[in-house]
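Asker: Questions regarding the structure given below will be posed in turn.
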Amino acid sequence: MSSRAGRPGPHIRTKESVESIMWAIVLALIPVTVAAVIFFGLYALYLVVATTVASIVFEIPFAPKRFSLRKPWGDGSAALTGVLTGLTLAPGSPWWIPFLAAFLAVVIAKHLFGGLGNNLFNPALFARGALLLGWPGHVVNWREPFTDAVTTATPLEGLEAGYLELFLGNVPGSIGETSVIAILIGAAFMSARGIRSERISLSFLASAAVTAFLLGADPLFTLLSGSVMFAGFFMATDMVTSPMSRTGRIVFGVGGGVLTVLIREFTIYPAGATFAILIMNAATPLIDWLVQDPKFGEVTRRNLRWGLAATLVGSLVVFAGIGYGTEMAREMGHGLYVTGAVRQDMRAFFPGARYAEPLEAPEGVTVERIFDDDRQRGYLVYGSAGGYGGPIRLVAALDEERRIRDVRVREHNESPTLGSRIAEPGFLEQFIGLTPDEPERAVEELEVITGATVSSRATANAIEAMLGFEEPDVDPKEAPAADVPDGTHRGTGRGYGGDIVVDVEVSGGRINDIEVVTHEDTENVAAPAFDALIREMIDRQTTDVDTVSGATGSSRGLREAVEDALWEAE
């Protein structure tokens with residue numbers, strides 16, 4: 001008699017297996033891979049193939065029974081990990097990055113946790129996250145499509161790109177994330193093949209779009225740019241690291257979409273999908289425990305399921321609301337909303353800075369004054385000049401004394417041998433310390449790169465032009481406190497809800513401090529506006545400052561109170 005024991009029915013038989021599903025997803029990634037080769041050349045194919053082969057080689061010692069002469073590629077799980085990991089790499093990644101990425105994905109993220117089915121994190125995303133943290137310069141080495149042009153900007157970092165370009169993939173980015181149409185073709189193939197994960201994908205994309213809308217960003221741009229589409233269809237849907245229940249998958253997708261946009265908007269990592277999904281991977285066991293689908297007739301569990309799901313989603317909404325409210329309060333206080341390249345550079349050059357204020361500058365130059373919560377930190381200056389192979393675009397960080405403290409090349413199309421050396425710190429450090437008082441020194445004292453004279457001079461010309469801005473300082477004789485005696489003077493103005501009383505401290509004809517003594521305006525609206533306007537009045541030594549949007553009455557009342565204090569004291 002057979003000792004095999006059966007379990008009670010019902011039973012559903014299927015021809016599907018782990019192997020067939022893995023290879024089906026690999027097939028679904030072929031359009032994405034083809035698009036990567038079209039836009040970024042054969043080197044993109046090398047990155048994918050090298051990562052795939054390396055992943056299979058690293059898999060063999062841990063699971064030798066899965067490989068044979070008939071199946072040299074194994075059950076497909078290592079190959080799929082390799083393809084996904086390779087598609088997350090930048091087109092300019094060094095030749096050795098695929099091997100490091102494969103090691104991180106297969107050995108660390110997969111087999112360190114016990115192998116297939118036991119890994120907590122998506123292996124491909126774990127590898128990408130580790131590379132972003134440990135080797136950021138090699139995994140953000142962007143290239144312009146169809147060229148070898150080097151760029152340090154993607155659409156998420158300020159590069160201008162239309163919806164059609166984003167949809168087709170004609171933009172810089174990781175080789176597998178740029179072409180939305182290729183991603184959708186692959187997703188359609190998986191759906192037709194019966195590999196369905198619509199709950200995660202649709203909830204991920206919908207929540208990302210809604211969160212972007214709530215934060216004042218363009219929802220369509222959010223979906224088309226960066227890795228949102230690729231992550232939504234191919235990363236978040238990983239069967240091992242996502243929840244098992246139908247409701248749990250929706251919670252997982254919503255959490256991933258919300259976190260993706262929050263990480264984009266409030267951290268230095270514009271493509272937030274990597275860390276968002278890794279965070280949700282860590283939360284998957286909790287979701288599986290809390291949100292379980294009811295069995296037939298279990299009304300209580302069904303109600304509990306939706307209650308827990310609503311609690312989890314509500315927690316994410318509250319979290320997003322707190323972040324949104326805090327940020328909007330800060331932004332409203334200064335009347336500015338910093339996005340794109342300025343936000344990225346502000347956080348890179350001035351950690352802790354919160355606001356940027358544009359200044360008038362010569363044509364072709366952009367200047368932003370950078371502030372933290374208490375004072376001005378410095379300036380970001382953008383400019384460009386024509387080089388040997390095309391425009392060279394730079395950004396310089398200036399301190400409060402308007403001296404260059406750092407300068408970087410954001411984009412260039414110079415030769416990859418000599419011309420590209422203009423982006424090296426050894427060349428750019430010669431411009432450190434220059435000020436708008438002596439911009440000509442950038443050209444007169446230039447130490448050119450031998451064999452790249454045109455590129456060197458173009459960089460120096462751009463620096464000289466960038467230093468040609470003047471801050472609108474107020475003439476001391478025309479400053480409102482010029483004839484005011486030293487001391488603290490009180491003034492009153494009419495705000496939105498009543499009188500605003502201020503004390504203005506003057507010393508040497510300058511406004512040193514402004515303190516709001518009392519006011520009757522709405523606190524959470526007026527307070528940030530007062531802080532921003534007081535900072536600007538002291539920095540610029542003038543009461544001729546713009547009102548803050550959303551707090552016009554409070555702004556006018558504060559300005560009137562300060563002017564009243566100065567007039568009464570004269």
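Simple scheme: letters A, B, ... for chains in structure tokens order, numbers from 1 for residues in each chain, numbers from 1 for ligands in the order shown.
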Segment 460-465 of chain A: which residues within 7 Å, counting only C-alpha atoms, same-chain residues fewer than 4 positions away excluded, as an mmCIF file with C-alpha atoms, in the first residue's frame?
Answerer:
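Output (part-v8.cif):
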```cif
data_model
loop_
_atom_site.group_PDB
_atom_site.id
_atom_site.type_symbol
_atom_site.label_atom_id
_atom_site.label_comp_id
_atom_site.auth_asym_id
_atom_site.auth_seq_id
_atom_site.Cartn_x
_atom_site.Cartn_y
_atom_site.Cartn_z
ATOM 1 C CA GLY A 383 25.623 78.644 -16.499
ATOM 2 C CA SER A 384 26.915 77.143 -19.738
ATOM 3 C CA ALA A 385 29.274 77.714 -22.654
ATOM 4 C CA PRO A 439 35.275 87.047 -12.576
ATOM 5 C CA GLU A 440 37.985 87.642 -15.195
ATOM 6 C CA ALA A 442 38.624 82.429 -14.287
ATOM 7 C CA VAL A 443 39.990 83.023 -17.805
ATOM 8 C CA LEU A 446 43.222 79.289 -16.334
ATOM 9 C CA SER A 456 39.073 74.074 -20.777
#
```
Asker: With only C-alpha atoms as the counted atoms, please give the residues lying no more than 9 Å from Thr178 of chain A, apart from itself and same-chain residues fewer than 5 positions off, as a count of residues only.
Answerer: 18
Asker: Could you please write out, as a PyMOL selection string, every residue of segment 453-548 of chain A that DSSP assigns to alpha helix (DSSP H)?
Answerer: chain A and resi 453-466+523-540
Asker: At a cut-off of 12 Å, using only C-alpha atoms, what residues contact segment 278-285 of chain A? Leave out same-chain residues fewer than 3 positions from it and give the result as a VMD selection string.
Answerer: chain A and resid 109 118 to 130 200 204 231 235 to 245 248 to 260 263 272 to 275 288 to 292 312 316
Asker: With N, CA and C atoms retained, export the selected residues as a short mmCIF file (atom, residue, chain, number, x, y, z; two decimals), in the first residue's frame.
Answerer:
```cif
data_model
loop_
_atom_site.label_atom_id
_atom_site.label_comp_id
_atom_site.auth_asym_id
_atom_site.auth_seq_id
_atom_site.Cartn_x
_atom_site.Cartn_y
_atom_site.Cartn_z
N ALA A 109 21.47 39.07 -1.05
CA ALA A 109 20.02 39.29 -0.88
C ALA A 109 19.21 38.00 -0.96
N ASN A 118 12.77 32.30 0.29
CA ASN A 118 13.03 32.70 1.68
C ASN A 118 13.57 34.12 1.80
N ASN A 119 13.93 34.71 0.67
CA ASN A 119 14.53 36.06 0.73
C ASN A 119 13.49 37.09 1.12
N LEU A 120 13.89 38.01 2.00
CA LEU A 120 12.98 39.05 2.48
C LEU A 120 12.87 40.19 1.49
N PHE A 121 13.98 40.50 0.81
CA PHE A 121 14.02 41.65 -0.10
C PHE A 121 14.14 41.21 -1.55
N ASN A 122 13.56 42.01 -2.44
CA ASN A 122 13.72 41.79 -3.86
C ASN A 122 15.22 41.85 -4.18
N PRO A 123 15.83 40.77 -4.68
CA PRO A 123 17.29 40.75 -4.88
C PRO A 123 17.80 41.85 -5.80
N ALA A 124 17.10 42.08 -6.90
CA ALA A 124 17.56 43.11 -7.84
C ALA A 124 17.53 44.49 -7.21
N LEU A 125 16.46 44.80 -6.47
CA LEU A 125 16.37 46.11 -5.82
C LEU A 125 17.35 46.21 -4.66
N PHE A 126 17.60 45.11 -3.96
CA PHE A 126 18.60 45.13 -2.89
C PHE A 126 19.96 45.51 -3.47
N ALA A 127 20.30 44.89 -4.62
CA ALA A 127 21.58 45.21 -5.26
C ALA A 127 21.63 46.67 -5.68
N ARG A 128 20.56 47.16 -6.29
CA ARG A 128 20.54 48.56 -6.72
C ARG A 128 20.65 49.50 -5.53
N GLY A 129 19.92 49.22 -4.45
CA GLY A 129 19.99 50.07 -3.27
C GLY A 129 21.37 50.08 -2.67
N ALA A 130 22.02 48.90 -2.60
CA ALA A 130 23.38 48.83 -2.06
C ALA A 130 24.36 49.61 -2.93
N ILE A 200 -1.28 44.75 -7.22
CA ILE A 200 -0.09 45.49 -6.80
C ILE A 200 0.23 46.60 -7.79
N PHE A 204 -0.15 50.49 -6.87
CA PHE A 204 1.14 51.20 -6.80
C PHE A 204 1.11 52.46 -7.67
N ALA A 231 9.16 49.67 -11.87
CA ALA A 231 9.01 49.13 -10.51
C ALA A 231 7.60 48.60 -10.29
N MET A 235 9.01 45.00 -10.39
CA MET A 235 9.73 44.90 -9.13
C MET A 235 8.79 44.69 -7.94
N ALA A 236 7.79 45.54 -7.83
CA ALA A 236 6.87 45.42 -6.70
C ALA A 236 6.09 44.11 -6.74
N THR A 237 5.97 43.52 -7.93
CA THR A 237 5.14 42.33 -8.12
C THR A 237 5.89 41.03 -7.86
N ASP A 238 7.12 41.09 -7.40
CA ASP A 238 7.89 39.89 -7.07
C ASP A 238 7.08 38.99 -6.13
N MET A 239 6.86 37.74 -6.53
CA MET A 239 5.97 36.85 -5.78
C MET A 239 6.51 36.51 -4.39
N VAL A 240 7.82 36.43 -4.25
CA VAL A 240 8.42 36.02 -2.98
C VAL A 240 8.34 37.13 -1.95
N THR A 241 8.56 38.37 -2.37
CA THR A 241 8.70 39.47 -1.41
C THR A 241 7.47 40.36 -1.30
N SER A 242 6.35 39.95 -1.91
CA SER A 242 5.09 40.70 -1.79
C SER A 242 4.07 39.85 -1.04
N PRO A 243 3.02 40.45 -0.50
CA PRO A 243 2.04 39.71 0.31
C PRO A 243 1.31 38.63 -0.49
N MET A 244 0.76 37.67 0.25
CA MET A 244 0.04 36.55 -0.38
C MET A 244 -1.43 36.85 -0.58
N SER A 245 -2.04 37.61 0.33
CA SER A 245 -3.48 37.85 0.25
C SER A 245 -3.80 38.92 -0.77
N GLY A 248 -3.89 42.24 0.96
CA GLY A 248 -2.53 42.60 1.34
C GLY A 248 -1.74 43.16 0.18
N ARG A 249 -2.00 42.65 -1.02
CA ARG A 249 -1.29 43.16 -2.20
C ARG A 249 -1.69 44.60 -2.49
N ILE A 250 -2.95 44.92 -2.27
CA ILE A 250 -3.38 46.30 -2.47
C ILE A 250 -2.71 47.22 -1.46
N VAL A 251 -2.67 46.79 -0.21
CA VAL A 251 -2.00 47.58 0.83
C VAL A 251 -0.52 47.76 0.47
N PHE A 252 0.12 46.68 0.02
CA PHE A 252 1.52 46.73 -0.38
C PHE A 252 1.73 47.74 -1.51
N GLY A 253 0.86 47.67 -2.54
CA GLY A 253 1.00 48.58 -3.67
C GLY A 253 0.78 50.03 -3.28
N VAL A 254 -0.24 50.29 -2.46
CA VAL A 254 -0.50 51.67 -2.02
C VAL A 254 0.68 52.20 -1.22
N GLY A 255 1.20 51.40 -0.30
CA GLY A 255 2.33 51.83 0.49
C GLY A 255 3.54 52.12 -0.35
N GLY A 256 3.82 51.26 -1.34
CA GLY A 256 4.96 51.49 -2.22
C GLY A 256 4.82 52.75 -3.05
N GLY A 257 3.62 52.99 -3.60
CA GLY A 257 3.41 54.18 -4.41
C GLY A 257 3.55 55.47 -3.62
N VAL A 258 2.95 55.50 -2.42
CA VAL A 258 3.04 56.69 -1.57
C VAL A 258 4.48 56.96 -1.17
N LEU A 259 5.19 55.92 -0.72
CA LEU A 259 6.57 56.11 -0.28
C LEU A 259 7.48 56.51 -1.43
N THR A 260 7.21 56.01 -2.62
CA THR A 260 8.02 56.38 -3.78
C THR A 260 8.02 57.89 -3.98
N ILE A 263 9.72 59.81 -1.00
CA ILE A 263 11.18 59.75 -1.07
C ILE A 263 11.69 60.64 -2.20
N GLY A 272 12.71 57.26 -6.08
CA GLY A 272 12.46 56.68 -4.76
C GLY A 272 11.89 55.28 -4.77
N ALA A 273 11.58 54.71 -5.95
CA ALA A 273 10.93 53.40 -5.99
C ALA A 273 11.78 52.31 -5.36
N THR A 274 13.10 52.38 -5.54
CA THR A 274 13.98 51.35 -4.99
C THR A 274 13.80 51.20 -3.49
N PHE A 275 13.96 52.30 -2.77
CA PHE A 275 13.89 52.23 -1.31
C PHE A 275 12.44 52.05 -0.84
N ASP A 288 1.03 40.31 5.79
CA ASP A 288 0.46 38.97 5.68
C ASP A 288 -0.22 38.54 6.98
N TRP A 289 0.33 38.94 8.10
CA TRP A 289 -0.25 38.57 9.39
C TRP A 289 -1.51 39.36 9.70
N LEU A 290 -1.49 40.67 9.38
CA LEU A 290 -2.62 41.52 9.73
C LEU A 290 -3.76 41.42 8.72
N VAL A 291 -3.42 41.34 7.44
CA VAL A 291 -4.45 41.41 6.39
C VAL A 291 -4.55 40.05 5.71
N GLN A 292 -5.43 39.21 6.19
CA GLN A 292 -5.65 37.89 5.62
C GLN A 292 -7.02 37.84 4.98
N LEU A 312 -4.05 50.51 7.83
CA LEU A 312 -2.72 50.62 7.25
C LEU A 312 -2.66 51.73 6.20
N LEU A 316 -0.66 55.50 6.25
CA LEU A 316 0.19 56.07 5.20
C LEU A 316 -0.30 57.44 4.76
#
```
Asker: Which distance in Å separates atom CA of Gly553 of chain A and atom CA of Tyr496 of chain A, to one decimal?
Answerer: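 Separation between atom CA of Gly553 of chain A and atom CA of Tyr496 of chain A: 4.5 Å.
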